[in-house]
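Source file work.pdb; content: PDB, C-alpha atoms and all ligand atoms.
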MODEL        1
ATOM      1  CA  GLY Q 669      32.242   3.562-241.316  1.00  0.00           C
ATOM      2  CA  GLU Q 670      32.973   6.887-242.926  1.00  0.00           C
ATOM      3  CA  ASP Q 671      29.446   8.259-242.455  1.00  0.00           C
ATOM      4  CA  ALA Q 672      29.421   7.388-238.752  1.00  0.00           C
ATOM      5  CA  ASP Q 673      32.843   8.989-238.340  1.00  0.00           C
ATOM      6  CA  LEU Q 674      31.670  12.202-240.010  1.00  0.00           C
ATOM      7  CA  ALA Q 675      28.443  12.218-237.968  1.00  0.00           C
ATOM      8  CA  ARG Q 676      30.592  12.204-234.846  1.00  0.00           C
ATOM      9  CA  VAL Q 677      32.704  15.040-236.269  1.00  0.00           C
ATOM     10  CA  ALA Q 678      29.513  17.021-236.919  1.00  0.00           C
ATOM     11  CA  GLU Q 679      28.480  16.662-233.284  1.00  0.00           C
ATOM     12  CA  LEU Q 680      31.681  18.451-232.252  1.00  0.00           C
ATOM     13  CA  VAL Q 681      30.936  21.611-234.284  1.00  0.00           C
ATOM     14  CA  ARG Q 682      29.437  24.322-232.068  1.00  0.00           C
ATOM     15  CA  ASP Q 683      27.098  27.064-233.295  1.00  0.00           C
ATOM     16  CA  VAL Q 684      27.795  30.488-231.802  1.00  0.00           C
ATOM     17  CA  PRO Q 685      25.089  33.111-232.435  1.00  0.00           C
ATOM     18  CA  ASP Q 686      26.070  36.731-233.120  1.00  0.00           C
ATOM     19  CA  HIS Q 687      29.802  36.137-233.505  1.00  0.00           C
ATOM     20  CA  PRO Q 688      31.842  38.051-234.590  1.00  0.00           C
ATOM     21  CA  SER Q 689      28.977  40.480-235.218  1.00  0.00           C
ATOM     22  CA  PRO Q 690      25.188  40.523-234.727  1.00  0.00           C
ATOM     23  CA  GLY Q 691      23.289  38.228-237.062  1.00  0.00           C
ATOM     24  CA  ILE Q 692      26.262  35.985-237.881  1.00  0.00           C
ATOM     25  CA  LEU Q 693      25.943  32.355-236.773  1.00  0.00           C
ATOM     26  CA  PHE Q 694      29.572  31.338-236.272  1.00  0.00           C
ATOM     27  CA  ARG Q 695      30.463  27.661-236.724  1.00  0.00           C
ATOM     28  CA  ASP Q 696      33.184  26.860-234.188  1.00  0.00           C
ATOM     29  CA  ILE Q 697      35.188  23.862-235.418  1.00  0.00           C
ATOM     30  CA  THR Q 698      37.948  24.037-232.806  1.00  0.00           C
ATOM     31  CA  PRO Q 699      36.409  21.166-230.761  1.00  0.00           C
ATOM     32  CA  VAL Q 700      36.834  18.972-233.854  1.00  0.00           C
ATOM     33  CA  LEU Q 701      40.550  19.735-233.969  1.00  0.00           C
ATOM     34  CA  ALA Q 702      40.896  19.074-230.239  1.00  0.00           C
ATOM     35  CA  ASP Q 703      39.387  15.583-230.510  1.00  0.00           C
ATOM     36  CA  ALA Q 704      42.050  13.065-231.547  1.00  0.00           C
ATOM     37  CA  ALA Q 705      39.721  10.701-233.396  1.00  0.00           C
ATOM     38  CA  ALA Q 706      37.803  13.474-235.147  1.00  0.00           C
ATOM     39  CA  PHE Q 707      40.980  15.300-236.174  1.00  0.00           C
ATOM     40  CA  THR Q 708      42.341  12.066-237.652  1.00  0.00           C
ATOM     41  CA  VAL Q 709      39.123  11.458-239.609  1.00  0.00           C
ATOM     42  CA  VAL Q 710      39.068  14.986-240.980  1.00  0.00           C
ATOM     43  CA  THR Q 711      42.754  14.971-241.877  1.00  0.00           C
ATOM     44  CA  THR Q 712      42.561  11.577-243.574  1.00  0.00           C
ATOM     45  CA  GLU Q 713      39.445  12.486-245.558  1.00  0.00           C
ATOM     46  CA  LEU Q 714      40.901  15.778-246.774  1.00  0.00           C
ATOM     47  CA  ALA Q 715      44.238  14.113-247.602  1.00  0.00           C
ATOM     48  CA  SER Q 716      42.384  11.631-249.819  1.00  0.00           C
ATOM     49  CA  LEU Q 717      41.379  14.595-252.012  1.00  0.00           C
ATOM     50  CA  VAL Q 718      44.923  15.892-252.588  1.00  0.00           C
ATOM     51  CA  GLY Q 719      45.505  13.600-255.572  1.00  0.00           C
ATOM     52  CA  ASP Q 720      48.596  14.536-257.537  1.00  0.00           C
ATOM     53  CA  ALA Q 721      48.969  18.003-256.018  1.00  0.00           C
ATOM     54  CA  ASP Q 722      52.526  19.098-255.161  1.00  0.00           C
ATOM     55  CA  LEU Q 723      51.459  21.363-252.318  1.00  0.00           C
ATOM     56  CA  VAL Q 724      48.650  21.949-249.842  1.00  0.00           C
ATOM     57  CA  ALA Q 725      47.774  25.608-249.144  1.00  0.00           C
ATOM     58  CA  GLY Q 726      45.852  26.567-246.010  1.00  0.00           C
ATOM     59  CA  VAL Q 727      44.058  29.820-245.194  1.00  0.00           C
ATOM     60  CA  GLU Q 728      44.841  31.728-241.970  1.00  0.00           C
ATOM     61  CA  ALA Q 729      44.106  30.897-239.289  1.00  0.00           C
ATOM     62  CA  ARG Q 730      42.213  27.643-238.713  1.00  0.00           C
ATOM     63  CA  GLY Q 731      43.004  26.526-242.260  1.00  0.00           C
ATOM     64  CA  PHE Q 732      46.680  26.370-241.237  1.00  0.00           C
ATOM     65  CA  LEU Q 733      45.955  23.635-238.703  1.00  0.00           C
ATOM     66  CA  LEU Q 734      44.145  21.476-241.227  1.00  0.00           C
ATOM     67  CA  ALA Q 735      46.497  22.143-244.133  1.00  0.00           C
ATOM     68  CA  ALA Q 736      49.646  21.192-242.254  1.00  0.00           C
ATOM     69  CA  ALA Q 737      48.168  17.914-241.039  1.00  0.00           C
ATOM     70  CA  VAL Q 738      46.755  17.125-244.495  1.00  0.00           C
ATOM     71  CA  ALA Q 739      50.106  17.864-246.129  1.00  0.00           C
ATOM     72  CA  VAL Q 740      51.929  15.418-243.860  1.00  0.00           C
ATOM     73  CA  VAL Q 741      49.427  12.652-244.592  1.00  0.00           C
ATOM     74  CA  ALA Q 742      49.436  13.398-248.331  1.00  0.00           C
ATOM     75  CA  GLY Q 743      53.209  13.701-248.490  1.00  0.00           C
ATOM     76  CA  THR Q 744      53.324  17.271-249.770  1.00  0.00           C
ATOM     77  CA  GLY Q 745      54.670  20.596-248.568  1.00  0.00           C
ATOM     78  CA  VAL Q 746      52.388  23.237-247.092  1.00  0.00           C
ATOM     79  CA  VAL Q 747      51.969  26.944-247.858  1.00  0.00           C
ATOM     80  CA  PRO Q 748      50.227  29.511-245.632  1.00  0.00           C
ATOM     81  CA  VAL Q 749      47.753  31.901-247.284  1.00  0.00           C
ATOM     82  CA  ARG Q 750      48.108  34.797-244.859  1.00  0.00           C
ATOM     83  CA  LYS Q 751      46.115  37.802-243.754  1.00  0.00           C
ATOM     84  CA  ALA Q 752      47.756  41.080-244.837  1.00  0.00           C
ATOM     85  CA  GLY Q 753      50.786  42.506-243.105  1.00  0.00           C
ATOM     86  CA  LYS Q 754      52.281  39.331-241.698  1.00  0.00           C
ATOM     87  CA  LEU Q 755      54.696  38.230-244.428  1.00  0.00           C
ATOM     88  CA  PRO Q 756      58.225  39.634-244.862  1.00  0.00           C
ATOM     89  CA  ARG Q 757      58.136  38.936-248.620  1.00  0.00           C
ATOM     90  CA  VAL Q 758      54.871  38.872-250.537  1.00  0.00           C
ATOM     91  CA  ALA Q 759      54.453  37.054-253.846  1.00  0.00           C
ATOM     92  CA  ALA Q 760      50.876  38.214-254.483  1.00  0.00           C
ATOM     93  CA  SER Q 761      48.019  39.980-252.724  1.00  0.00           C
ATOM     94  CA  ARG Q 762      44.214  40.041-253.125  1.00  0.00           C
ATOM     95  CA  THR Q 763      41.552  42.061-251.302  1.00  0.00           C
ATOM     96  CA  TYR Q 764      38.020  40.619-251.040  1.00  0.00           C
ATOM     97  CA  GLU Q 765      34.708  41.080-249.236  1.00  0.00           C
ATOM     98  CA  LEU Q 766      33.886  38.839-246.264  1.00  0.00           C
ATOM     99  CA  GLU Q 767      30.524  37.916-244.728  1.00  0.00           C
ATOM    100  CA  TYR Q 768      31.617  40.453-242.122  1.00  0.00           C
ATOM    101  CA  GLY Q 769      33.890  43.236-243.471  1.00  0.00           C
ATOM    102  CA  SER Q 770      36.740  42.977-245.969  1.00  0.00           C
ATOM    103  CA  ALA Q 771      40.165  41.396-245.850  1.00  0.00           C
ATOM    104  CA  THR Q 772      43.377  40.984-247.799  1.00  0.00           C
ATOM    105  CA  LEU Q 773      45.173  37.687-248.330  1.00  0.00           C
ATOM    106  CA  GLU Q 774      48.816  37.282-249.291  1.00  0.00           C
ATOM    107  CA  LEU Q 775      51.092  34.481-250.464  1.00  0.00           C
ATOM    108  CA  PRO Q 776      54.714  34.189-249.345  1.00  0.00           C
ATOM    109  CA  ALA Q 777      57.496  34.545-251.903  1.00  0.00           C
ATOM    110  CA  ASP Q 778      59.592  31.528-252.975  1.00  0.00           C
ATOM    111  CA  THR Q 779      57.060  28.883-251.982  1.00  0.00           C
ATOM    112  CA  ILE Q 780      55.097  28.120-255.140  1.00  0.00           C
ATOM    113  CA  ALA Q 781      56.870  27.381-258.405  1.00  0.00           C
ATOM    114  CA  PRO Q 782      55.080  28.317-261.629  1.00  0.00           C
ATOM    115  CA  GLY Q 783      53.045  25.318-262.747  1.00  0.00           C
ATOM    116  CA  ALA Q 784      52.782  23.882-259.245  1.00  0.00           C
ATOM    117  CA  ARG Q 785      49.644  21.874-258.549  1.00  0.00           C
ATOM    118  CA  VAL Q 786      48.055  23.078-255.316  1.00  0.00           C
ATOM    119  CA  PHE Q 787      45.222  21.703-253.192  1.00  0.00           C
ATOM    120  CA  LEU Q 788      43.579  24.456-251.128  1.00  0.00           C
ATOM    121  CA  VAL Q 789      42.226  23.798-247.616  1.00  0.00           C
ATOM    122  CA  ASP Q 790      40.170  25.851-245.176  1.00  0.00           C
ATOM    123  CA  ASP Q 791      37.995  24.989-242.206  1.00  0.00           C
ATOM    124  CA  VAL Q 792      34.762  26.624-243.368  1.00  0.00           C
ATOM    125  CA  LEU Q 793      33.266  27.642-246.715  1.00  0.00           C
ATOM    126  CA  ALA Q 794      30.743  30.411-246.036  1.00  0.00           C
ATOM    127  CA  THR Q 795      30.252  33.117-248.694  1.00  0.00           C
ATOM    128  CA  GLY Q 796      33.223  31.762-250.603  1.00  0.00           C
ATOM    129  CA  GLY Q 797      34.980  35.124-250.710  1.00  0.00           C
ATOM    130  CA  THR Q 798      38.004  33.831-248.845  1.00  0.00           C
ATOM    131  CA  ALA Q 799      38.405  30.668-250.890  1.00  0.00           C
ATOM    132  CA  ALA Q 800      37.845  32.523-254.164  1.00  0.00           C
ATOM    133  CA  ALA Q 801      40.503  35.089-253.230  1.00  0.00           C
ATOM    134  CA  ALA Q 802      42.896  32.275-252.310  1.00  0.00           C
ATOM    135  CA  VAL Q 803      42.273  30.547-255.654  1.00  0.00           C
ATOM    136  CA  ASP Q 804      42.861  33.857-257.455  1.00  0.00           C
ATOM    137  CA  LEU Q 805      46.097  34.398-255.532  1.00  0.00           C
ATOM    138  CA  LEU Q 806      47.399  30.945-256.342  1.00  0.00           C
ATOM    139  CA  THR Q 807      46.498  31.468-259.978  1.00  0.00           C
ATOM    140  CA  ASP Q 808      48.270  34.863-259.929  1.00  0.00           C
ATOM    141  CA  VAL Q 809      51.569  33.153-259.074  1.00  0.00           C
ATOM    142  CA  GLY Q 810      51.169  30.555-261.818  1.00  0.00           C
ATOM    143  CA  ALA Q 811      49.851  27.637-259.789  1.00  0.00           C
ATOM    144  CA  THR Q 812      47.075  25.285-260.860  1.00  0.00           C
ATOM    145  CA  VAL Q 813      44.481  24.816-258.111  1.00  0.00           C
ATOM    146  CA  VAL Q 814      43.440  21.171-258.354  1.00  0.00           C
ATOM    147  CA  GLY Q 815      40.662  21.539-255.801  1.00  0.00           C
ATOM    148  CA  PHE Q 816      39.391  23.097-252.603  1.00  0.00           C
ATOM    149  CA  GLY Q 817      38.655  20.955-249.559  1.00  0.00           C
ATOM    150  CA  THR Q 818      36.859  22.157-246.470  1.00  0.00           C
ATOM    151  CA  LEU Q 819      35.636  20.676-243.231  1.00  0.00           C
ATOM    152  CA  LEU Q 820      32.305  22.518-243.260  1.00  0.00           C
ATOM    153  CA  GLU Q 821      30.242  24.125-246.018  1.00  0.00           C
ATOM    154  CA  ILE Q 822      27.412  26.501-245.129  1.00  0.00           C
ATOM    155  CA  THR Q 823      25.289  25.703-248.145  1.00  0.00           C
ATOM    156  CA  ALA Q 824      22.741  28.524-247.813  1.00  0.00           C
ATOM    157  CA  LEU Q 825      25.462  31.092-248.583  1.00  0.00           C
ATOM    158  CA  ASP Q 826      26.229  29.560-252.003  1.00  0.00           C
ATOM    159  CA  GLY Q 827      29.986  29.989-251.539  1.00  0.00           C
ATOM    160  CA  ARG Q 828      30.549  27.155-253.983  1.00  0.00           C
ATOM    161  CA  GLU Q 829      29.190  29.429-256.735  1.00  0.00           C
ATOM    162  CA  ARG Q 830      32.040  31.884-256.167  1.00  0.00           C
ATOM    163  CA  LEU Q 831      34.596  29.209-256.942  1.00  0.00           C
ATOM    164  CA  GLY Q 832      33.632  28.771-260.575  1.00  0.00           C
ATOM    165  CA  ASP Q 833      35.261  25.710-262.107  1.00  0.00           C
ATOM    166  CA  THR Q 834      37.331  24.826-259.041  1.00  0.00           C
ATOM    167  CA  ARG Q 835      36.374  21.434-257.643  1.00  0.00           C
ATOM    168  CA  VAL Q 836      34.898  21.829-254.134  1.00  0.00           C
ATOM    169  CA  ASP Q 837      34.639  19.024-251.574  1.00  0.00           C
ATOM    170  CA  ALA Q 838      33.129  19.534-248.108  1.00  0.00           C
ATOM    171  CA  LEU Q 839      33.200  16.833-245.432  1.00  0.00           C
ATOM    172  CA  LEU Q 840      30.173  18.350-243.684  1.00  0.00           C
ATOM    173  CA  ARG Q 841      27.409  20.495-245.155  1.00  0.00           C
ATOM    174  CA  VAL Q 842      24.992  22.525-243.045  1.00  0.00           C
TER     175      VAL Q 842
HETATM  176  C1  LIG B   1      36.602  32.138-241.586  1.00  0.00           C
HETATM  177  C2  LIG B   1      36.904  30.753-242.102  1.00  0.00           C
HETATM  178  C3  LIG B   1      37.202  30.965-243.557  1.00  0.00           C
HETATM  179  C4  LIG B   1      36.309  32.137-243.898  1.00  0.00           C
HETATM  180  C5  LIG B   1      35.086  31.653-244.626  1.00  0.00           C
HETATM  181  O1  LIG B   1      37.801  32.764-241.318  1.00  0.00           O
HETATM  182  O2  LIG B   1      38.004  30.189-241.412  1.00  0.00           O
HETATM  183  O3  LIG B   1      38.562  31.313-243.771  1.00  0.00           O
HETATM  184  O4  LIG B   1      35.923  32.766-242.661  1.00  0.00           O
HETATM  185  O5  LIG B   1      34.228  32.736-244.929  1.00  0.00           O
HETATM  186  P1  LIG B   1      33.824  33.140-246.397  1.00  0.00           P
HETATM  187  O6  LIG B   1      33.557  31.866-247.162  1.00  0.00           O
HETATM  188  O7  LIG B   1      32.575  33.955-246.189  1.00  0.00           O
HETATM  189  O8  LIG B   1      34.935  33.923-246.983  1.00  0.00           O
HETATM  190  P2  LIG B   1      37.920  34.072-240.398  1.00  0.00           P
HETATM  191  O9  LIG B   1      37.729  35.269-241.242  1.00  0.00           O
HETATM  192  O10 LIG B   1      37.007  33.903-239.213  1.00  0.00           O
HETATM  193  O11 LIG B   1      39.464  34.052-239.981  1.00  0.00           O
HETATM  194  P3  LIG B   1      40.317  33.229-238.881  1.00  0.00           P
HETATM  195  O12 LIG B   1      40.368  31.781-239.329  1.00  0.00           O
HETATM  196  O13 LIG B   1      41.659  33.864-238.962  1.00  0.00           O
HETATM  197  O14 LIG B   1      39.642  33.411-237.566  1.00  0.00           O
ENDMDL
END
Taking this structure as input, can you express it in the form of C-alpha cells?
Amino acid sequence: GEDADLARVAELVRDVPDHPSPGILFRDITPVLADAAAFTVVTTELASLVGDADLVAGVEARGFLLAAAVAVVAGTGVVPVRKAGKLPRVAASRTYELEYGSATLELPADTIAPGARVFLVDDVLATGGTAAAAVDLLTDVGATVVGFGTLLEITALDGRERLGDTRVDALLRV
C-alpha cells in the first residue's frame, strides 16, 4: 500500500550532520531518486497533486529532477526555477534568506503565460524561504500557484508557515 511504499522511501533518505555548514542536519534524498521503485512512488504521488495545473515548476537543483518526472506523468510542461546568473533571459527575480546564507531565484522568459496554473515542486521544505520565493516569483509573472508539493518536510522549521495560503503537501514529514 501507499504507506508501506512511503515508509520504504523514508528509509532511503540519509541524514548528514554539519552539511553544508556546522549545525545543519542535511537530508540527502538522492538515494530516493536512484532507487527505481522509490522514484516511481514519489513521482506518482506528487503527480496526483498536480490537478488542473498547466505547468509544473521545479526548484534548482534537486527539484528539477522531481519536477520533470512529475510533469511527464501529469501531462504538463515543466519550468525550471533557477539560481541567479544561469538564465539568458530572466522574466522575474527574487532574493531570499536561506537556512544557510541567502540566494536569488529567477524564472526564464517566455515559459509562463499570464494566468497559467502552476504546481510547484521541490525535494525538501526546510525554512520555506526557497518555496516562498518561488511562489512569489510565479505570482510576479501572473501565474496562479495551485499548490506546492515536496518529498520531505522538516516540520520543526515551520516552513509551511512561510507559504501563507498556498496549499502544501509533503510525502514525508520529519
Ligand atoms: C535545498 C532544497 C530546497 C531548499 C529548502 O536546496 O533543495 O530547495 O534547500 O530550504 P528552505 O526551505 O530553508 O529554503 P539547496 O539550497 O541545498 O540547493 P540545491 O538543490 O541546488 O543543492
Go ahead and fit an axis-aligned box to every listed atom of segment 700-717 of chain Q plus 3 Å each side, and pass me the centre and edge lengths in Å, one decimal, as JSON.
{"center_x": 40.5, "center_y": 15.2, "center_z": -241.1, "size_x": 13.4, "size_y": 15.0, "size_z": 27.8}
**Prompt:** Can you tell me how far atom CA of Gly796 of chain Q sits from atom CA of Ser761 of chain Q, in Å to one decimal?
**Reply:** 17.1 Å
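Using all atoms listed in the file, the nearest neighbour of Arg841 of chain Q within the list Q:Val677, Q:Ala721, Q:Ala800, Q:Leu733 is Q:Val677.
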**Request:** In the coordinates of the file, take the point (44.2, 12.7, -253.6) and a cut-off of 12 Å; then, counting all atoms listed in the file, name each qualifying protein, DNA or RNA residue as an MDAnalysis selection string.
**Result:** chainID Q and resid 712:724 738:739 741:744 785:787 814:817 837
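Residues within 10 Å of Val700 of chain Q, counting all atoms listed in the file and excluding same-chain residues fewer than 2 positions away, are Arg676, Val677, Ala678, Glu679, Leu680, Val681, Arg682, Asp696, Ile697, Thr698, Ala702, Asp703, Ala704, Ala705, Ala706, Phe707, Thr708, Val709, Val710 and Leu819 of chain Q.
Of note, atom CA of Thr772 of chain Q and atom O14 of ligand LIG 1 (chain B) are spaced 13.3 Å apart.
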Using only C-alpha atoms and all ligand atoms, which residues have at least one atom no more than 10 Å from ligand LIG 1 (chain B)? Output them as a tab-separated table (two decimals) with C-alpha atoms, in the coordinates of the input.
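Below is the file that was written, part_1.tsv:
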chain	number	residue	atom	x	y	z
Q	687	HIS	CA	29.80	36.14	-233.50
Q	688	PRO	CA	31.84	38.05	-234.59
Q	694	PHE	CA	29.57	31.34	-236.27
Q	695	ARG	CA	30.46	27.66	-236.72
Q	696	ASP	CA	33.18	26.86	-234.19
Q	697	ILE	CA	35.19	23.86	-235.42
Q	726	GLY	CA	45.85	26.57	-246.01
Q	727	VAL	CA	44.06	29.82	-245.19
Q	728	GLU	CA	44.84	31.73	-241.97
Q	729	ALA	CA	44.11	30.90	-239.29
Q	730	ARG	CA	42.21	27.64	-238.71
Q	731	GLY	CA	43.00	26.53	-242.26
Q	732	PHE	CA	46.68	26.37	-241.24
Q	733	LEU	CA	45.96	23.64	-238.70
Q	749	VAL	CA	47.75	31.90	-247.28
Q	750	ARG	CA	48.11	34.80	-244.86
Q	751	LYS	CA	46.12	37.80	-243.75
Q	764	TYR	CA	38.02	40.62	-251.04
Q	765	GLU	CA	34.71	41.08	-249.24
Q	766	LEU	CA	33.89	38.84	-246.26
Q	767	GLU	CA	30.52	37.92	-244.73
Q	768	TYR	CA	31.62	40.45	-242.12
Q	769	GLY	CA	33.89	43.24	-243.47
Q	770	SER	CA	36.74	42.98	-245.97
Q	771	ALA	CA	40.16	41.40	-245.85
Q	789	VAL	CA	42.23	23.80	-247.62
Q	790	ASP	CA	40.17	25.85	-245.18
Q	791	ASP	CA	37.99	24.99	-242.21
Q	792	VAL	CA	34.76	26.62	-243.37
Q	793	LEU	CA	33.27	27.64	-246.72
Q	794	ALA	CA	30.74	30.41	-246.04
Q	795	THR	CA	30.25	33.12	-248.69
Q	796	GLY	CA	33.22	31.76	-250.60
Q	797	GLY	CA	34.98	35.12	-250.71
Q	798	THR	CA	38.00	33.83	-248.84
Q	799	ALA	CA	38.40	30.67	-250.89
Q	800	ALA	CA	37.84	32.52	-254.16
Q	801	ALA	CA	40.50	35.09	-253.23
Q	802	ALA	CA	42.90	32.28	-252.31
Q	818	THR	CA	36.86	22.16	-246.47
Q	819	LEU	CA	35.64	20.68	-243.23
Q	820	LEU	CA	32.30	22.52	-243.26
Q	821	GLU	CA	30.24	24.12	-246.02
Q	822	ILE	CA	27.41	26.50	-245.13
Q	825	LEU	CA	25.46	31.09	-248.58
Q	826	ASP	CA	26.23	29.56	-252.00
Q	827	GLY	CA	29.99	29.99	-251.54
Q	828	ARG	CA	30.55	27.16	-253.98
Q	830	ARG	CA	32.04	31.88	-256.17
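Proximity ranking of Q:Ala760, Q:Gly783, Q:Ala672, Q:Ala838 relative to Asp808 of chain Q places Q:Ala760 first, based on all atoms listed in the file.
We find atom CA of Leu775 of chain Q and atom CA of Arg757 of chain Q to be spaced 8.5 Å apart.
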**Item:** Residue nearest Ile780 of chain Q - candidates Q:Val836, Q:Asp683, Q:Val809, Q:Ile692, atoms counted: only C-alpha atoms
**Value:** Q:Val809
**Nearby residues, (59.7, 30.9, -246.6) file frame, 10 Å, all atoms listed in the file, as an NGL selection string** = :Q and (747-748 or 755-757 or 776-779)
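In this comparison, which uses all atoms listed in the file, the residue of Q:Leu693, Q:Ala725, Q:Ala811, Q:Leu788 approaching Gly745 of chain Q most closely is Q:Ala725.
Among the candidate residues Q:Ala759, Q:Glu774, Q:Val842, Q:Asp833, the one lying nearest to Gly810 of chain Q is Q:Ala759, with distances computed using all atoms listed in the file.
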**Fill in**
If you count only C-alpha atoms, the residue of Q:Ala735, Q:Ala824, Q:Ala781, Q:Leu839 closest to Thr812 of chain Q turns out to be Q:Ala781
